[in-house]
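Chemist: Have a look at the structure that comes next, please.
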Amino acid sequence: MIDGFSFLQKELMIPILLGGLVVFNSYVWKEWKTKHSGRFVVNTIVALITVLALAVLILEPTQEVEINDSQAVLLTNNFDGLIRDSLLNRYEGIKVLDYNPKKSIRKELDSLTNVIVLGDGIEPYDFYLFDSIPTTYIPNAAPMGVTQLNYTEQLVLGEELKVSGSYSQPIEKSFLVLQDSRNNGLDSIQITEDKNADFNLKTRPKVAGAYVYQFAVKDSTGVVLETNPLPIEVMRKEPLRALILNTFPTFETKYLKNFLAESGHEVIVRSQLTKGKYKFEYFNTPTRHIYQFTKETLKNFDIVIVDAETYTAFGNTIRKRFESSIEEQGLGLFIQPSDFLFNSRSSEAYFKFKRDRMNTAKLPVYAAETEKYPYQFNEQLLVEPIHLGGTSNLAAYRQIGNGKIATTTLLNSYQFLLNGKSEVYHGIWTTILDKIAKKKGQAVSWQSNTKFPRIEEPFHFEIRTNLEEFGIINEDSISISLVQNALLPSHYSGTVYPKKTGWNSMQVENDSTNFSYYVFEHKDWKALKSTANIAANKNQFEKETRKNRTVVVDRPVSLLVFYILFLLGVGWLWLSPKLSAES
Amino acid sequence: MESGKLHLMKFHRRWQILSYAEAVLYAVGIAILFYLASKNLWLGVLSFVVAVVAVLFIQKPWKHNLAITGTYVDAHVDEASFSTGLLLQPEDSLSNLAKLQRYKVSEELSKRLDTIHPPNKLKQAVLVTLGLVLLGIVVQKLDFFKSVESVLGNATNEIQIQFIATDSISEKSIIPKISSQDISVTYPSYTRKGTIAVSDPNIKTIAGATVQWLLVFDNSVTEVYLDRMGELIPLQKGENGYRIKQVLLESGFYSFKFKNEDGIEFTSDLFSLEAIPDNPPEIEILGLERYTYFDFSDKKVVELQSTITDDYGIDEAYIIATVSKGSGESVKFREEKLNFKETISKGLKSVRATKTLDLNALKMEMGDELYFYIEAFDEKRPKRNVSRSETYFAVIKDTVSEQYGVEGTLGVDQMPDYFRSQRQLIIDTEKLIKDKPSITMTEFKSRSNELGFDQKALRLKYGQFMGDESEMEEAPAEIESDEEGEDHDHAEDQENVIKEFMHDHDGDNEHNLVKQHEHHEENDPEEPEDPLHDYLHNHDDPEESTLFEESLKTKLRKALSIMWDAELHLRLNEPEKSLPFQYDALTLIQEIKNSARIYVHRIGFDPPPIKEDSRLTGKIKDIENYRKNETKEVENPFEALENAVARLEQFIQQESTFNEADNALFTAAGNELAQLAIANPSKYLRVLQGLKGIENNTERTMANYKFVQKGLLAALPKTPQIPGAKKEYTDEINSLFLKQLEVYD
């Protein structure tokens with residue numbers, strides 16, 4: 001039973017007890033001379049009781065009491081006042097709590113037996129607070145604005161930035177505009193109906209760097225209703241090292257070679273003149289001989305472009321070397337097509353074709369038509385199509401380990417250049433070569449697990465690296481601790497609480513690779529955040545309603561008894577010398 | 001005796017001086033307030049004068065006279081016993097008692113007057129002045145009148161060329177200023193505009209104008225240059241400043257550069273030079289149809305009215321008239337240059353020119369055509385701008401030539417005149433459709449019908465090739481074309497005339513007579529009525545005609561049936577519906593024509609067959625490997641622009657500040673943008689100025705960074721598509737997964 005007691009003023013316990021002891025001792029010392037009179041012992045006991053009563057009065061004892069009918073309604077962002085009022089009517093004595101992620105409500109929650117959450121809901125990082133409390137969530141309706149959003153956060157210069165999502169309850173005839181960091185309009189869509197509208201905007205960024213693009217909503221007269229930031233990071237492509245091997249010179253190779261060389265790539269072309277004699281061309285790279293295709297030689301290239309004849313003429317050993325380079329180092333191999341490729345029925349062929357008797361194909365994106373071999377790719381497990389200008393059966397690659405082998409059914413694509421449609425030619429070959437080119441190694445890969453980091457809210461991230469020992473520091477060179485995944489030792493995760501809005505960065509200690517993430521302001525993407533919160537809350541609190549829990553609460557014990565005790569004690573102590581003097 | 005009066009007068013003067021001092025004090029306060037508020041000394045001086053006058057007029061210190069002074073002294077000096085007035089009166093006019101009193105007062109006043117002060121508010125004035133000064137300081141600190149000042153002051157700022165030191169450290173040195181700037185634009189002489197002085201350094205004027213700048217500096221400067229798109233042109237030092245003349249031929253930008261005595265370089269803002277080309281004259285012909293037709297009996301006069309306008313002045317204008325006589329190969333042309341009725345005086349900006357063209361005077365006869373157009377020149381040097389009006393036609397209808405048609409049936413005169421080709425028909429039909437709104441319904445119908453007739457004539461003509469005889473009596477039965485293959489057909493036709501009357505035993509079809517008979521019956525039920533039919537080699541039957549090979553025949557047949565449809569719609573007054581058929585017919589006719597050409601097989605070189613076993617066995621020991629090494633510069637014409645955008649983003653995100661290395665970057669970016677901007681200087685001028693401002697540290701502000709970045713982003717062209725390698729982390733797990741995938745392949 002004594003376990004159920006405690007004191008409100010626990011921290012005063014020791015000083016009060018010491019003080020009580022002193023008072024008591026001084027009483028005893030003062031009364032020492034009357035020790036022989038019979039009252040001494042009685043007085044001492046009374047004094048002890050009085051002092052204790054006084055101490056208890058100051059310390060305010062409490063007693064644990066069990067309760068199970070204490071309810072509260074927790075108001076979060078955008079709650080509906082009507083629902084709150086009807087709840088207040090329905091449940092008498094229900095408490096009203098305001099939710100503020102910055103302020104802890106743990107104390108209030110501890111004394112509750114169940115909670116009703118109203119509005120957009122609790123921040124997911126606060127869910128743990130409600131683990132032991134039966135919670136009912138009354139969700140809000142979907143808010144107005146962007147409720148779903150997907151966009152390319154990281155891209156390479158030349159790639160398309162795609163922004164897609166859906167806009168709920170738009171104003172009719174309003175515009176959704178994708179703007180660059182300085183509000184130049186890049187792409188837009190007008191919403192024609194007032195239902196949920198899906199949108200799809202795209203643009204190609206013009207420069208590399210970290211930029212905050214804007215997603216603006218304008219009404220039909222062009223007045224900006226709201227803008228939200230779209231932070232993107234545009235990286236540069238690095239030059240390729242390409243090797244082209246031909247049994248005889250072709251126009252296709254000539255133009256491809258020129259295209260690559262003029263874009264600053266290192267290109268080595270070896271075309272056969274006659275038996276054992278070759279023509280070597282070196283662009284943007286020093287002269288060196290390429291006769292043997294050892295792993296070491298192949299290591300120096302990101303991409304090898306070879307015609308079908310040359311590749312089949314290679315002996316088995318050389319082909320094995322190629323294959324292992326592709327598999328292990330991620331080399332990209334492009335086989336230039338010829339009738340020979342389509343007609344070979346070898347079981348070792350990387351691609352299988354079937355005749356489709358079509359000699360031309362349309363490229364809808366470029367509004368152009370191209371010649372092709374009358375074949376198309378057969379479906380195979382590891383063969384994936386490469387989408388060229390809106391069609392998917394003109395080129396394909398096969399994944400082999402880390403590398404890729406690709407080929408195409410395009411014929412005489414250089415004619416695009418001759419016809420002045422260099423944009424189409426560059427587009428096609430950029431797509432193909434980008435797909436298969438060897439990726440430059442990166443020691444660390446970063447991944448953000450919080451889609452919209454906000455100030456002073458947890459930002460979770462993940463790191464994958466093969467480095468054994470490394471440290472992560474933030475901009476102020478303060479190191480950040482990571483948790484290593486028990487099963488996958490190369491995976492780490494961490495959490496930081498960003499201190500400023502805008503771009504923040506982290507980096508590997510003593511390494512240049514850094515990771516930038518953009519911290520949004522609270523006003524950004526409100527509807528999106530609400531939608532996400534509502535969904536998370538629904539998911540969290542949807543489980544069957546649990547019974548009200550019983551909560552043990554410390555209730556203060558009535559101090560009246562102690563007060564009377566103290567009065568009586570003091571009264572006795574005042575009276576007793578007088579009584580003894582009379583007697 | 002007089003000392004009292006003297007003292008009184010002294011006192012009076014003191015009073016007056018104090019009053020004036022008070023006024024001056026007030027005025028000083030007001031003047032300082034105005035000066036501080038407006039920061040303009042002259043305004044201060046002016047306000048001082050105004051305030052002095054104003055306060056003096058309020059106080060009127062000159063109105064103080066001795067009487068008032070006396071009254072005052074009486075009131076303040078007891079000893080004066082209200083008798084000061086006595087001092088002011090001539091002694092003689094006083095009674096003895098008064099004289100006594102006057103003496104007494106005089107004595108007293110000499111002693112007392114020094115002790116009292118004339119009434120003044122000097123203290124108050126000092127306080128007010130101090131208050132005004134304080135107010136002035138406060139106003140200056142708070143810059144209440146900033147907006148007023150900017151309105152007043154900017155007029156000079158904008159137009160005056162401002163200079164900024166390129167080296168930001170040396171701000172303390174004296175910045176030479178332009179004390180007077182004189183920009184004058186001399187228009188080319190032909191414009192008659194002379195020289196115009198302009199105040200705005202952004203010059204927009206006609207191409208070919210000469211611009212002269214005259215800059216006068218208040219301090220001595222050296223090496224004054226005009227920087228025109230990177231080209232540095234020194235200014236000539238003259239007596240009264242620096243002078244430069246430039247001929248403006250193309251748009252661009254310019255700025256000035258100079259060094260002061262300490263050798264510090266200064267540069268001005270960037271200004272635009274925009275060259276507007278001189279437009280060629282515009283000619284408008286009023287109230288005349290493109291085609292005018294006259295009957296021979298008409299009064300054959302064309303009233304030509306036109307207005308010719310030019311932006312600077314017309315030099316010359318005349319009519320070029322061409323008369324064509326005859327037709328076909330015998331056509332003759334005669335060209336004449338006619339002047340307008342009015343003499344066109346040089347240099348007029350707008351001229352109304354008229355001319356009456358009398359076709360008779362031009363010696364035109366029936367069937368002759370007149371083509372005329374107006375040619376006008378402006379006065380541009382060195383080469384005049386020319387413009388021409390559209391060509392107009394006047395035709396005297398030839399009624400005689402139509403009579404040939406009647407005689408056509410005789411087969412004597414086979415003039416292929418008035419025969420419209422399919423192409424001509426299409427053109428005419430299109431014209432008819434275009435004219436439809438402007439002509440009457442009857443005319444429209446009649447023209448459509450005429451076209452229908454022409455279409456029929458054409459069909460019949462082509463029908464001839466198929467062997468079709470004429471179907472309609474109105475139409476010439478034998479029509480020949482001047483198109484290719486004519487001679488051949490003609491000869492063939494001539495032959496047919498004979499053939500019709502003979503039984504040709506040499507004919508190809510002789511042995512197939514029966515079969516042909518059956519065939520004919522199916523096609524043409526009227527045929528059996530002709531008793532000779534079976535015995536004739538009948539070229540009239542289209543199926544029988546041997547003029548073309550089989551495939552051509554079907555084509556021609558198709559063309560003819562399409563022409564039928566074309567004619568149908570023309571006759572129904574629906575030229576729009578007829579047009580597609582006409583086009584189809586034209587295509588088919590073209591095909592037929594082309595196939596009638598003869599192609600000769602080319603004889604090429606036939607190599608002897610190669611023996612496969614000896615192939616590629618030649619000796620190749622002298623053949624060497626060929627090696628070529630080349631380094632191609634990657635040219636990105638906008639590299640600096642791109643880098644500048646990225647750098648500006650860093651400034652805007654406040655991740656970095658301007659450093660020395662950026663100078664070169666922004667200079668390069670400016671040059672690249674200038675290249676882009678040549679075509680449209682005014683569009684990029686603000687951005688270029690902003691860039692310059694960043695470069696020379698006068699406008700390194702957030703707003704300017706943002707503005708410039710926005711301009712650069714808009715100016716940059718699309719990103720070219722170039723392949724490249726991406727960075728990627730190879731994850732163990734992924735590699736393992738890919739390996740596993742292959743197992744199942």
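Chains: A, B, ... in order of the structure tokens. Residues: from 1 per chain. Ligands: from 1, in order shown.
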Pick out the chain B residues within 9 Å of chain A. Count only C-alpha atoms. Give them as an MDAnalysis selection string.

Modeler: chainID B and resid 616 620 623:635 642:643 645:647 649:650 653 706:707 709:711 713:714 716:736 738:739 741:742 744:745

Chemist: From a DSSP pass on the backbone, collect the residues of region 356-396 of chain A flagged as strand (DSSP E) and hand them back as a list in words.

Modeler: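 Written out, the strand (DSSP E) residues of region 356-396 of chain A are Thr360, Ala361, Lys362, Leu363, Ala368, Glu369, Thr370, Glu371, Tyr375, Gln376, Phe377, Val383, Glu384, Pro385, Ile386, His387, Leu388, Thr391, Ser392, Asn393, Leu394, Ala395 and Ala396 of chain A.
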
Chemist: Could you name the residues that touch Val73 (chain A) at 9 Å or less, counting only C-alpha atoms, but leaving out those on the same chain fewer than 5 positions away, as a list in words?

Modeler: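 Listing them by chain and then by number gives Arg84, Leu87, Leu88, Ile94, Lys95, Val96, Leu97, Asp98, Asn114, Val115, Ile116, Val117 and Leu118 of chain A.
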
Chemist: List every residue of region 158-258 of chain A that DSSP, applied to the backbone of this structure, places in helix (DSSP H, G or I), and write the result as a list in words.

Modeler: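 Listing helix (DSSP H, G or I) positions across region 158-258 of chain A yields Phe251, Glu252, Thr253, Lys254, Tyr255, Leu256, Lys257 and Asn258 of chain A.
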
Chemist: Kindly indicate which residue among A:Asn25, A:Gly332, A:Asn393, A:Leu52 lies nearest to Gly569 (chain A), using only C-alpha atoms for the distances.

Modeler: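 Counting only C-alpha atoms, the residue closest to Gly569 (chain A) is A:Leu52.
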
Chemist: What is the CA of Tyr497 (chain A)-CA of Phe127 (chain A) distance in Å, reported with one decimal?

Modeler: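 Distance reported for this atom pair: 17.4 Å.
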
Chemist: How many Å lie between CA of Ile472 (chain A) and CA of Phe520 (chain A), rounded to one decimal?

Modeler: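 CA of Phe520 (chain A) lies at a distance of 22.2 Å from CA of Ile472 (chain A).
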
Chemist: So which one's closest to Lys60 (chain B), B:Thr195, B:Thr667, B:Ser19, B:Ser350? Using only C-alpha atoms, please.

Modeler: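 Ranking B:Thr195, B:Thr667, B:Ser19, B:Ser350 by distance to Lys60 (chain B), first place goes to B:Ser19.
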
Chemist: Which value, in Å to one decimal, gives the distance between CA of Gly420 (chain A) and CA of Phe334 (chain A)?

Modeler: 25.1 Å

Chemist: Find the spatial neighbours of region 291-294 of chain B, counting only C-alpha atoms, within a cut-off of 7 Å - ignore same-chain residues fewer than 6 positions away - and output them as a ChimeraX atom specification.

Modeler: /B:300,392-397

Chemist: Put those residues in a file: N, CA and C atoms, as a tab-separated table (two decimals), in the first residue's frame.

Modeler:
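Final output, saved to out-v1.tsv:
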chain	number	residue	atom	x	y	z
B	300	LYS	N	-11.06	52.45	-124.57
B	300	LYS	CA	-10.04	51.61	-123.95
B	300	LYS	C	-9.07	52.47	-123.12
B	392	TYR	N	-0.54	44.35	-113.27
B	392	TYR	CA	-1.95	44.44	-113.66
B	392	TYR	C	-2.07	44.17	-115.16
B	393	PHE	N	-3.22	43.73	-115.56
B	393	PHE	CA	-3.40	43.34	-116.95
B	393	PHE	C	-4.55	44.12	-117.57
B	394	ALA	N	-4.36	44.51	-118.79
B	394	ALA	CA	-5.47	45.08	-119.55
B	394	ALA	C	-5.47	44.37	-120.89
B	395	VAL	N	-6.59	43.81	-121.24
B	395	VAL	CA	-6.66	42.98	-122.44
B	395	VAL	C	-7.77	43.51	-123.34
B	396	ILE	N	-7.45	43.63	-124.62
B	396	ILE	CA	-8.52	43.93	-125.58
B	396	ILE	C	-8.97	42.60	-126.14
B	397	LYS	N	-10.24	42.32	-125.94
B	397	LYS	CA	-10.74	41.01	-126.33
B	397	LYS	C	-10.63	40.85	-127.85
